[in-house]
Amino acid sequence: MDIEWAYEYNRLYLLQARPITAYVPLAPDMVTKPGGKKRLYFDVTATGQGMTEPLSKMGTALFRRLFKIIGRLVFARDLSKNIDTTIPWISDGKLFFNISNGFALVGKKKFLEFMPLIDPLGAKAVEQLDEHEYASPARRAMLLPFGLLLKLPGILLFIRRARKNPEKVHGWVQEQLLLFEADAKRIAERDAPLVEMWEELTYKMFVRVFLRTVPLTVAARRALGRIKRAAGDDSDAAKLELALPHNVTTEMGLALARVATLLPDGLDATQLQKMITESALPEECLRAWQHFLDSYGFRGASEIDVAAPRYRDNPKVLVELLLTTKNSGENPQEAFERRGRERRNAFESLLKKLHARDPHAAERFAKDFLLFETFGGYREAHKKYFVFVVTILRKKILVQAEELVAQKRLDSVERVFDLTVEQLDASRHDNSMDLKKLARENTAFLKRLARVKKPPAVIDSRGFIPRPPIPPLRQGEHAGTGVSAGSVRGRIKVLHAPDEKPLLKGEILVARATDPGWTPLFVNAGGIILEVGGSLQHGALVAREYGIPCVAGVENATTLWQDGTLMEVDGSAGIIRTIVNS
């Protein structure tokens, strides 16, 4: 509250009190008492996932259940009970990292080596802070992943096999992923409580998907580091990440682009929407559209939240993307194949140079490149399969929601996501439960949280928001972090959602952050500017694969420029310049 007061003749008068509109609310489990030891938090939902809206109550409840399973398997304890003994934390509407515990585990210096990969602006803000002010009561041993340590020998053996024969391991993993999908669909056919189904799905997802794809992703990232060190300052090094195979998000973008290339000429959005609704597209185009929905219809913007609509639920969000891609003048599949050839040519060139200097180093370089090329695209697999199981449960939830609406226990199907999964299960056996009242109570805090349109990346347990220092810049310049090399000039287009308006060929996409739902836009983007995120944020990773200059960590980027402003994006230096008199 903002309070104004005054004394007159030694008597205290309260003049005015009103809510501070810029205040960022924290759930009670994250607040420390005045004078108590403070904690420091990093908002993963806003920064890592690019979500400004809070997770639904149902989404939060599902994540809490997931954290229990991950805690048991990775840390050999429940992560959802004590915020002082864990780094990841799920609060109402948000996923956080407890930075204080990160300091306790690896120290501030080591933690800040990793944090810029996710959010460089947040890292600069944290760098200025006194770590002793945010010292954690947790002992380092309490934070170690003892469950994962027990699995480490098997993981290392698996990585060794992958390094020895990448293509064979890739083929085996793909077979296992298909088996998991089939098994997950069988689980969904049962008439079981939702809590029981969710826990079985997520347990199997972790054991049969994450324990295979995550180690391969980590091995690929480490191989990339060795490759870049071996390549040094050679300009070809930047091309080694272009158009990686086996990336499910890139494949999704290409599948949608294929639909676009098969569309009839001259359609507007209304005509295309009508043809999609009535299945009136030409036969080959209709088959490509159906393939896209069958393969990727479970995805969409804000897809980690069970409440978020999927492409299959609302295909009209793709209409503008299809038309923009159709009119881009470039075949995305051909462009992808061209970038793939550039990647291979860059590798051959670097290998030849290395071999001339050191044949043994060249041999190690070739092995590392094959490992990275095969598994570098796996980084998107974990999220795909998480969203896959979320969507399976979403279907079951919506069936129950329709029954509750018919019984007049809910006002609309969407209100079911204002309940927890436990409440929804209980409602099947207890008709006396006032679900409308529960939904109102559950969302009271989330509505307050939703008023914060630009959640801070870093906040402490007393509500203080540290800000990064402003670097010295020339007039018309703005600084961020270069996360995809190259320089480009183009007109700005600010988007707050992927379907807000068309992104035309060569325009500079400006967004707070992106998730896989934005990937089709990258076909037309000349450059990318992101408010949050570092080199491991979705937008940065995809930009490097597409060879698009990208600068991330540009504070308030979505409010700095109007659409049509001519800008230069220097993804190598991390600088954005306004072009005047043009």
# chains A, B, ... in the order shown; residues from 1 in each chain; ligands from 1

call {"tool": "residues_around", "arguments": {"residues": "Lys384 of chain A", "least_positions_apart": "5", "cutoff": "12 Å", "atoms": "only C-alpha atoms", "output": "PyMOL selection string"}}
result
chain A and resi 177+181+205+209-210+213+247-252+295-300+303-304+378-379+389-391+515-517

call {"tool": "write_last_selection", "arguments": {"atoms": "C-alpha atoms", "output": "short mmCIF file (atom, residue, chain, number, x, y, z; two decimals), in the first residue's frame"}}
result
data_model
loop_
_atom_site.label_atom_id
_atom_site.label_comp_id
_atom_site.auth_asym_id
_atom_site.auth_seq_id
_atom_site.Cartn_x
_atom_site.Cartn_y
_atom_site.Cartn_z
CA LEU A 177 9.59 -42.53 -27.99
CA GLU A 181 3.36 -42.36 -27.13
CA MET A 205 7.63 -39.69 -19.25
CA VAL A 209 11.75 -39.92 -22.29
CA PHE A 210 13.64 -37.43 -20.12
CA THR A 213 16.66 -37.14 -24.32
CA ASN A 247 14.43 -30.98 -33.98
CA VAL A 248 10.71 -31.50 -33.39
CA THR A 249 9.96 -27.77 -33.27
CA THR A 250 11.72 -27.08 -36.57
CA GLU A 251 9.91 -30.06 -38.08
CA MET A 252 6.61 -28.58 -36.87
CA SER A 295 1.45 -34.66 -35.54
CA TYR A 296 1.39 -31.23 -33.87
CA GLY A 297 -2.23 -30.38 -33.09
CA PHE A 298 -1.54 -30.88 -29.37
CA ARG A 299 0.83 -27.89 -29.36
CA GLY A 300 0.22 -24.14 -29.17
CA GLU A 303 1.38 -24.94 -24.11
CA ILE A 304 2.88 -26.00 -20.77
CA TYR A 378 16.94 -33.11 -29.10
CA ARG A 379 16.76 -30.03 -26.88
CA VAL A 389 1.02 -35.80 -21.75
CA VAL A 390 -0.48 -32.45 -20.66
CA THR A 391 -2.77 -32.57 -23.68
CA ASP A 515 7.99 -20.52 -27.25
CA PRO A 516 7.48 -23.24 -29.93
CA GLY A 517 4.13 -21.69 -30.86
#

call {"tool": "residues_around", "arguments": {"residues": "Glu241 of chain A", "least_positions_apart": "2", "cutoff": "7 Å", "atoms": "only C-alpha atoms", "output": "list of chain:residue names"}}
result
A:Ala238, A:Lys239, A:Ala243, A:Leu244, A:Arg343, A:Arg544, A:Glu545

call {"tool": "write_last_selection", "arguments": {"atoms": "N, CA and C atoms", "output": "short mmCIF file (atom, residue, chain, number, x, y, z; two decimals), in the first residue's frame"}}
result
data_model
loop_
_atom_site.label_atom_id
_atom_site.label_comp_id
_atom_site.auth_asym_id
_atom_site.auth_seq_id
_atom_site.Cartn_x
_atom_site.Cartn_y
_atom_site.Cartn_z
N ALA A 238 30.11 -20.18 -36.71
CA ALA A 238 28.73 -19.75 -36.47
C ALA A 238 27.73 -20.55 -37.29
N LYS A 239 28.18 -21.20 -38.36
CA LYS A 239 27.26 -21.94 -39.24
C LYS A 239 27.02 -23.37 -38.78
N ALA A 243 20.18 -25.24 -39.10
CA ALA A 243 19.28 -26.29 -39.62
C ALA A 243 19.62 -27.69 -39.12
N LEU A 244 19.67 -27.84 -37.79
CA LEU A 244 19.98 -29.16 -37.23
C LEU A 244 18.83 -30.13 -37.50
N ARG A 343 25.79 -25.78 -43.23
CA ARG A 343 26.34 -26.39 -42.01
C ARG A 343 27.39 -27.44 -42.36
N ARG A 544 19.41 -19.16 -34.28
CA ARG A 544 20.70 -19.69 -34.73
C ARG A 544 20.52 -20.77 -35.78
N GLU A 545 19.51 -21.61 -35.61
CA GLU A 545 19.26 -22.67 -36.60
C GLU A 545 18.82 -22.08 -37.94
#

call {"tool": "closest_residue", "arguments": {"among": "A:Leu322, A:Val218, A:Ala307, A:Ala135", "to": "Ile159 of chain A", "atoms": "only C-alpha atoms"}}
result
A:Val218

call {"tool": "closest_atom_pairs", "arguments": {"of": "segment 305-383 of chain A", "to": "segment 161-171 of chain A", "cutoff": "10 Å", "atoms": "only C-alpha atoms", "output": "Markdown table"}}
result
| residue | atom | partner | partner_atom | distance |
| --- | --- | --- | --- | --- |
| A:Lys367 | CA | A:Arg163 | CA | 7.3 |
| A:Asp368 | CA | A:Arg163 | CA | 7.9 |
| A:Leu370 | CA | A:Pro166 | CA | 7.2 |
| A:Leu371 | CA | A:Arg163 | CA | 5.9 |
| A:Phe372 | CA | A:Pro166 | CA | 9.2 |
| A:Glu373 | CA | A:Pro166 | CA | 9.2 |
| A:Thr374 | CA | A:Pro166 | CA | 6.4 |
| A:Phe375 | CA | A:His170 | CA | 7.7 |
| A:Tyr378 | CA | A:His170 | CA | 9.8 |

call {"tool": "closest_residue", "arguments": {"among": "A:Leu149, A:Leu509, A:Met567, A:Leu40", "to": "Gly102 of chain A", "atoms": "only C-alpha atoms"}}
result
A:Leu40

call {"tool": "select_by_dssp", "arguments": {"residues": "segment 199-321 of chain A", "states": "helix (DSSP H, G or I)", "output": "MDAnalysis selection string"}}
result
chainID A and resid 199:231 235:241 248:261 269:277 283:296 315:321
